[in-house]
>>> print(open('data_14.cif').read())   # mmCIF, C-alpha atoms, pLDDT in the B column; chains and numbers go by the auth columns
data_entry
#
loop_
_atom_site.group_PDB
_atom_site.id
_atom_site.type_symbol
_atom_site.label_atom_id
_atom_site.label_comp_id
_atom_site.label_asym_id
_atom_site.label_seq_id
_atom_site.Cartn_x
_atom_site.Cartn_y
_atom_site.Cartn_z
_atom_site.B_iso_or_equiv
_atom_site.auth_seq_id
_atom_site.auth_asym_id
ATOM 1 C CA MET A 1 3.247 -7.573 20.658 77.00 1 A
ATOM 2 C CA LYS A 2 6.234 -5.759 19.258 86.00 2 A
ATOM 3 C CA ARG A 3 7.235 -6.521 15.688 89.00 3 A
ATOM 4 C CA THR A 4 10.533 -5.557 14.078 92.00 4 A
ATOM 5 C CA LEU A 5 10.596 -4.756 10.367 91.00 5 A
ATOM 6 C CA VAL A 6 13.866 -4.657 8.444 92.00 6 A
ATOM 7 C CA TYR A 7 13.926 -2.944 5.067 94.00 7 A
ATOM 8 C CA LYS A 8 16.156 -0.879 2.812 94.00 8 A
ATOM 9 C CA SER A 9 15.695 2.489 1.195 93.00 9 A
ATOM 10 C CA ILE A 10 17.165 3.680 -2.066 92.00 10 A
ATOM 11 C CA ARG A 11 16.960 7.099 -3.698 90.00 11 A
ATOM 12 C CA MET A 12 14.885 7.316 -6.862 88.00 12 A
ATOM 13 C CA ALA A 13 15.791 9.858 -9.510 80.00 13 A
ATOM 14 C CA PRO A 14 14.509 10.583 -12.989 74.00 14 A
ATOM 15 C CA ASP A 15 16.517 8.955 -15.760 68.00 15 A
ATOM 16 C CA PRO A 16 19.526 11.231 -16.421 65.00 16 A
ATOM 17 C CA SER A 17 19.125 10.941 -20.186 67.00 17 A
ATOM 18 C CA GLY A 18 15.445 11.904 -19.919 62.00 18 A
ATOM 19 C CA GLU A 19 14.648 10.033 -23.124 67.00 19 A
ATOM 20 C CA LYS A 20 12.316 7.339 -21.855 67.00 20 A
ATOM 21 C CA GLY A 21 10.991 8.918 -18.676 67.00 21 A
ATOM 22 C CA GLU A 22 12.185 5.956 -16.622 75.00 22 A
ATOM 23 C CA ILE A 23 13.277 6.034 -13.008 79.00 23 A
ATOM 24 C CA ALA A 24 16.901 5.448 -12.111 81.00 24 A
ATOM 25 C CA TYR A 25 18.097 4.173 -8.751 84.00 25 A
ATOM 26 C CA ASP A 26 21.294 5.394 -7.133 82.00 26 A
ATOM 27 C CA MET A 27 22.784 2.178 -5.731 84.00 27 A
ATOM 28 C CA GLU A 28 25.263 4.119 -3.577 87.00 28 A
ATOM 29 C CA THR A 29 22.424 5.553 -1.505 87.00 29 A
ATOM 30 C CA VAL A 30 21.177 2.210 -0.151 91.00 30 A
ATOM 31 C CA ARG A 31 20.705 2.156 3.608 93.00 31 A
ATOM 32 C CA GLU A 32 19.163 -0.446 5.884 94.00 32 A
ATOM 33 C CA HIS A 33 16.478 0.528 8.388 93.00 33 A
ATOM 34 C CA THR A 34 14.962 -1.230 11.370 92.00 34 A
ATOM 35 C CA LEU A 35 11.496 -0.262 12.553 93.00 35 A
ATOM 36 C CA ASP A 36 9.948 -1.481 15.793 92.00 36 A
ATOM 37 C CA VAL A 37 6.177 -1.499 15.358 92.00 37 A
ATOM 38 C CA THR A 38 4.160 -1.549 18.540 91.00 38 A
ATOM 39 C CA PRO A 39 0.361 -1.583 18.709 91.00 39 A
ATOM 40 C CA ALA A 40 0.379 1.968 20.058 92.00 40 A
ATOM 41 C CA ARG A 41 2.494 3.308 17.175 92.00 41 A
ATOM 42 C CA LEU A 42 0.386 1.389 14.683 91.00 42 A
ATOM 43 C CA LEU A 43 -2.901 2.722 16.041 91.00 43 A
ATOM 44 C CA LEU A 44 -1.667 6.317 16.265 93.00 44 A
ATOM 45 C CA CYS A 45 -0.576 6.426 12.615 93.00 45 A
ATOM 46 C CA ARG A 46 -2.160 9.180 10.547 92.00 46 A
ATOM 47 C CA SER A 47 -3.094 6.923 7.622 93.00 47 A
ATOM 48 C CA TRP A 48 -6.034 5.375 9.491 94.00 48 A
ATOM 49 C CA MET A 49 -8.211 8.430 8.868 94.00 49 A
ATOM 50 C CA ALA A 50 -8.052 8.173 5.081 94.00 50 A
ATOM 51 C CA ASN A 51 -8.653 4.426 5.189 95.00 51 A
ATOM 52 C CA PHE A 52 -11.656 4.956 7.462 96.00 52 A
ATOM 53 C CA PHE A 53 -13.377 7.056 4.820 96.00 53 A
ATOM 54 C CA ILE A 54 -12.382 4.751 1.961 96.00 54 A
ATOM 55 C CA ALA A 55 -13.781 1.709 3.768 96.00 55 A
ATOM 56 C CA LEU A 56 -16.914 3.627 4.795 96.00 56 A
ATOM 57 C CA MET A 57 -17.638 4.773 1.242 97.00 57 A
ATOM 58 C CA ALA A 58 -17.064 1.302 -0.213 96.00 58 A
ATOM 59 C CA VAL A 59 -19.323 -0.416 2.314 97.00 59 A
ATOM 60 C CA LEU A 60 -22.048 2.237 2.082 96.00 60 A
ATOM 61 C CA ILE A 61 -22.222 1.998 -1.714 96.00 61 A
ATOM 62 C CA VAL A 62 -22.348 -1.795 -1.788 95.00 62 A
ATOM 63 C CA PHE A 63 -24.830 -2.161 1.051 93.00 63 A
ATOM 64 C CA ALA A 64 -27.065 0.621 -0.288 93.00 64 A
ATOM 65 C CA LEU A 65 -27.306 -1.261 -3.571 94.00 65 A
ATOM 66 C CA VAL A 66 -27.971 -4.554 -1.787 90.00 66 A
ATOM 67 C CA TYR A 67 -30.598 -2.901 0.405 87.00 67 A
ATOM 68 C CA GLY A 68 -32.338 -1.477 -2.649 88.00 68 A
ATOM 69 C CA LEU A 69 -32.233 -4.855 -4.374 88.00 69 A
ATOM 70 C CA LEU A 70 -33.687 -6.606 -1.318 83.00 70 A
ATOM 71 C CA VAL A 71 -36.455 -4.107 -0.603 83.00 71 A
ATOM 72 C CA ILE A 72 -37.479 -3.055 -4.106 86.00 72 A
ATOM 73 C CA GLY A 73 -36.427 -5.978 -6.261 85.00 73 A
ATOM 74 C CA MET A 74 -37.221 -8.907 -3.997 80.00 74 A
ATOM 75 C CA LYS A 75 -39.913 -7.269 -1.818 80.00 75 A
ATOM 76 C CA ILE A 76 -38.271 -8.373 1.435 76.00 76 A
ATOM 77 C CA ASP A 77 -39.622 -6.669 4.562 72.00 77 A
ATOM 78 C CA MET A 78 -36.911 -4.595 6.219 71.00 78 A
ATOM 79 C CA GLY A 79 -39.244 -2.883 8.668 72.00 79 A
ATOM 80 C CA ALA A 80 -38.186 -1.231 11.904 67.00 80 A
ATOM 81 C CA GLY A 81 -38.374 -4.261 14.165 68.00 81 A
ATOM 82 C CA SER A 82 -37.462 -7.051 11.795 74.00 82 A
ATOM 83 C CA ALA A 83 -34.573 -9.430 12.225 79.00 83 A
ATOM 84 C CA GLY A 84 -33.615 -8.792 8.596 77.00 84 A
ATOM 85 C CA ARG A 85 -32.758 -5.187 9.320 82.00 85 A
ATOM 86 C CA PHE A 86 -30.661 -6.188 12.334 85.00 86 A
ATOM 87 C CA LEU A 87 -28.768 -8.834 10.364 87.00 87 A
ATOM 88 C CA PHE A 88 -28.287 -6.457 7.468 87.00 88 A
ATOM 89 C CA GLY A 89 -26.851 -3.793 9.780 88.00 89 A
ATOM 90 C CA LEU A 90 -24.640 -6.358 11.503 93.00 90 A
ATOM 91 C CA ALA A 91 -23.315 -7.604 8.150 94.00 91 A
ATOM 92 C CA ALA A 92 -22.616 -4.016 7.054 95.00 92 A
ATOM 93 C CA ALA A 93 -20.784 -3.226 10.306 96.00 93 A
ATOM 94 C CA LEU A 94 -18.662 -6.387 10.149 97.00 94 A
ATOM 95 C CA SER A 95 -17.854 -5.772 6.486 97.00 95 A
ATOM 96 C CA PHE A 96 -16.796 -2.220 7.300 97.00 96 A
ATOM 97 C CA LEU A 97 -14.607 -3.390 10.167 97.00 97 A
ATOM 98 C CA ALA A 98 -12.920 -6.099 8.066 97.00 98 A
ATOM 99 C CA LEU A 99 -12.315 -3.717 5.165 96.00 99 A
ATOM 100 C CA PHE A 100 -11.084 -0.956 7.471 96.00 100 A
ATOM 101 C CA VAL A 101 -8.550 -3.209 9.183 96.00 101 A
ATOM 102 C CA GLY A 102 -7.598 -4.925 5.925 96.00 102 A
ATOM 103 C CA LEU A 103 -6.865 -1.631 4.164 95.00 103 A
ATOM 104 C CA GLY A 104 -5.600 0.299 7.167 95.00 104 A
ATOM 105 C CA THR A 105 -2.957 -2.040 8.533 94.00 105 A
ATOM 106 C CA PRO A 106 -0.718 -2.238 5.428 94.00 106 A
ATOM 107 C CA ALA A 107 -1.168 1.495 4.842 95.00 107 A
ATOM 108 C CA ALA A 108 -0.187 2.303 8.427 95.00 108 A
ATOM 109 C CA ILE A 109 2.919 0.122 8.217 94.00 109 A
ATOM 110 C CA LYS A 110 3.909 1.731 4.910 94.00 110 A
ATOM 111 C CA THR A 111 3.404 5.211 6.402 94.00 111 A
ATOM 112 C CA LEU A 112 5.491 4.355 9.469 95.00 112 A
ATOM 113 C CA LYS A 113 8.288 3.055 7.227 94.00 113 A
ATOM 114 C CA GLN A 114 8.207 6.168 5.052 94.00 114 A
ATOM 115 C CA ASP A 115 8.199 8.451 8.098 93.00 115 A
ATOM 116 C CA LEU A 116 11.271 6.706 9.516 94.00 116 A
ATOM 117 C CA VAL A 117 13.154 7.079 6.224 94.00 117 A
ATOM 118 C CA VAL A 118 12.259 10.772 5.974 94.00 118 A
ATOM 119 C CA ARG A 119 13.318 11.323 9.589 93.00 119 A
ATOM 120 C CA GLU A 120 16.662 9.564 9.093 93.00 120 A
ATOM 121 C CA ARG A 121 17.533 10.613 5.543 91.00 121 A
ATOM 122 C CA GLY A 122 15.519 13.718 4.787 90.00 122 A
ATOM 123 C CA LYS A 123 12.844 14.427 2.244 91.00 123 A
ATOM 124 C CA GLY A 124 13.157 12.939 -1.184 85.00 124 A
ATOM 125 C CA ALA A 125 11.874 10.213 -3.438 88.00 125 A
ATOM 126 C CA TRP A 126 12.700 6.947 -1.680 91.00 126 A
ATOM 127 C CA LYS A 127 11.893 3.405 -2.726 91.00 127 A
ATOM 128 C CA LEU A 128 11.361 1.123 0.250 93.00 128 A
ATOM 129 C CA ILE A 129 12.210 -2.528 -0.247 93.00 129 A
ATOM 130 C CA ASP A 130 11.684 -5.251 2.342 92.00 130 A
ATOM 131 C CA GLU A 131 14.584 -7.495 3.228 89.00 131 A
ATOM 132 C CA LYS A 132 12.852 -10.411 1.489 90.00 132 A
ATOM 133 C CA GLY A 133 12.461 -8.502 -1.762 92.00 133 A
ATOM 134 C CA TRP A 134 15.964 -7.008 -1.841 92.00 134 A
ATOM 135 C CA ALA A 135 17.577 -9.975 -3.609 92.00 135 A
ATOM 136 C CA MET A 136 14.887 -9.886 -6.302 94.00 136 A
ATOM 137 C CA PHE A 137 15.320 -6.118 -6.704 92.00 137 A
ATOM 138 C CA VAL A 138 19.074 -6.490 -7.209 91.00 138 A
ATOM 139 C CA LYS A 139 18.536 -9.370 -9.621 94.00 139 A
ATOM 140 C CA MET A 140 16.044 -7.355 -11.677 91.00 140 A
ATOM 141 C CA ARG A 141 18.373 -4.355 -11.620 89.00 141 A
ATOM 142 C CA ASN A 142 21.258 -6.474 -12.939 91.00 142 A
ATOM 143 C CA MET A 143 19.033 -7.941 -15.657 93.00 143 A
ATOM 144 C CA GLU A 144 18.077 -4.414 -16.695 87.00 144 A
ATOM 145 C CA LYS A 145 21.738 -3.367 -16.935 88.00 145 A
ATOM 146 C CA GLU A 146 22.542 -6.458 -19.023 92.00 146 A
ATOM 147 C CA ARG A 147 19.655 -5.667 -21.351 91.00 147 A
ATOM 148 C CA GLN A 148 20.844 -2.089 -21.730 86.00 148 A
ATOM 149 C CA LYS A 149 24.381 -3.308 -22.519 90.00 149 A
ATOM 150 C CA LYS A 150 23.046 -5.646 -25.201 90.00 150 A
ATOM 151 C CA GLU A 151 20.976 -2.828 -26.689 88.00 151 A
ATOM 152 C CA GLU A 152 24.043 -0.585 -26.803 87.00 152 A
ATOM 153 C CA GLU A 153 26.096 -3.348 -28.439 87.00 153 A
ATOM 154 C CA PHE A 154 23.340 -3.935 -30.980 86.00 154 A
ATOM 155 C CA ARG A 155 23.148 -0.220 -31.792 86.00 155 A
ATOM 156 C CA SER A 156 26.916 0.055 -32.158 85.00 156 A
ATOM 157 C CA VAL A 157 26.985 -2.884 -34.592 78.00 157 A
ATOM 158 C CA GLN A 158 24.433 -1.286 -36.891 70.00 158 A
#
>>> encode(input="data_14.cif", output="structure tokens")
Amino acid sequence: MKRTLVYKSIRMAPDPSGEKGEIAYDMETVREHTLDVTPARLLLCRSWMANFFIALMAVLIVFALVYGLLVIGMKIDMGAGSAGRFLFGLAAALSFLALFVGLGTPAAIKTLKQDLVVRERGKGAWKLIDEKGWAMFVKMRNMEKERQKKEEEFRSVQ
């Protein structure tokens, strides 16, 4: 199940004026990239390790609180051989798995994209924009330039 992702990268730089602390984009540095994501590349991505611990901590905290509420607050028997303990453990495991995959997959894809850009273009601050979002990015960029022009005109009138 090979999936091809098409996206663009653009160099981010601090605002040259340095007044507002905004980020400026160098529109001449735009380059299109194509990434073939295979299950093997996706599973071997380094971002899974961090997401494993994030998902584990989130599930442990929530299920520890629920366990305490069930045992202490509601006096439910969660003894060694009870079905409640089995179902509770099963629910915790399935929640962990869903959260792990839900957090890990987008993070792995983002890491693979970033790695490809760094390999092709070198280290730097790059903004990655999917092909779908490129038109909106350009539109927002043009709106920002128009707003800046109007501000300059307004300042020059005063």
>>> resolve_selection(input="data_14.cif", expression="the PyMOL selection byres ((chain A and resi 129) around 6)", output="NGL selection string")
:A and (7-8 or 128 or 130)
>>> resolve_selection(input="data_14.cif", expression="the PyMOL selection byres ((chain A and resi 138-145) around 12)", output="PyMOL selection string")
chain A and resi 8+10+22-27+30+129+131-137+146-152
>>> closest_atom_pairs(input="data_14.cif", of="region 84-150 of chain A", to="region 53-62 of chain A", cutoff="12 Å", atoms="only C-alpha atoms", output="Markdown table")
| residue | atom | partner | partner_atom | distance |
| --- | --- | --- | --- | --- |
| A:Phe88 | CA | A:Val62 | CA | 11.9 |
| A:Gly89 | CA | A:Leu60 | CA | 10.9 |
| A:Ala91 | CA | A:Val59 | CA | 10.1 |
| A:Ala92 | CA | A:Val59 | CA | 6.8 |
| A:Ala93 | CA | A:Val59 | CA | 8.6 |
| A:Leu94 | CA | A:Val59 | CA | 9.9 |
| A:Ser95 | CA | A:Val59 | CA | 6.9 |
| A:Phe96 | CA | A:Val59 | CA | 5.9 |
| A:Leu97 | CA | A:Ala55 | CA | 8.2 |
| A:Ala98 | CA | A:Ala55 | CA | 9.0 |
| A:Leu99 | CA | A:Ala55 | CA | 5.8 |
| A:Phe100 | CA | A:Ala55 | CA | 5.3 |
| A:Val101 | CA | A:Ala55 | CA | 9.0 |
| A:Gly102 | CA | A:Ala55 | CA | 9.3 |
| A:Leu103 | CA | A:Ala55 | CA | 7.7 |
| A:Gly104 | CA | A:Ala55 | CA | 9.0 |
>>> residues_around(input="data_14.cif", residues="Ile76 (chain A)", least_positions_apart="5", cutoff="12 Å", atoms="all atoms listed in the file", output="PyMOL selection string")
chain A and resi 66-71+82-85+88
>>> atom_distance(input="data_14.cif", atom1="CA of Thr29 (chain A)", atom2="CA of Cys45 (chain A)")
27.0 Å
>>> atom_distance(input="data_14.cif", atom1="CA of Gly122 (chain A)", atom2="CA of Leu42 (chain A)")
21.9 Å
>>> resolve_selection(input="data_14.cif", expression="the PyMOL selection byres ((chain A and resi 5) around 8)", output="list in words")
Arg3, Thr4, Val6, Tyr7, Thr34, Leu35, Asp36 and Val37 of chain A
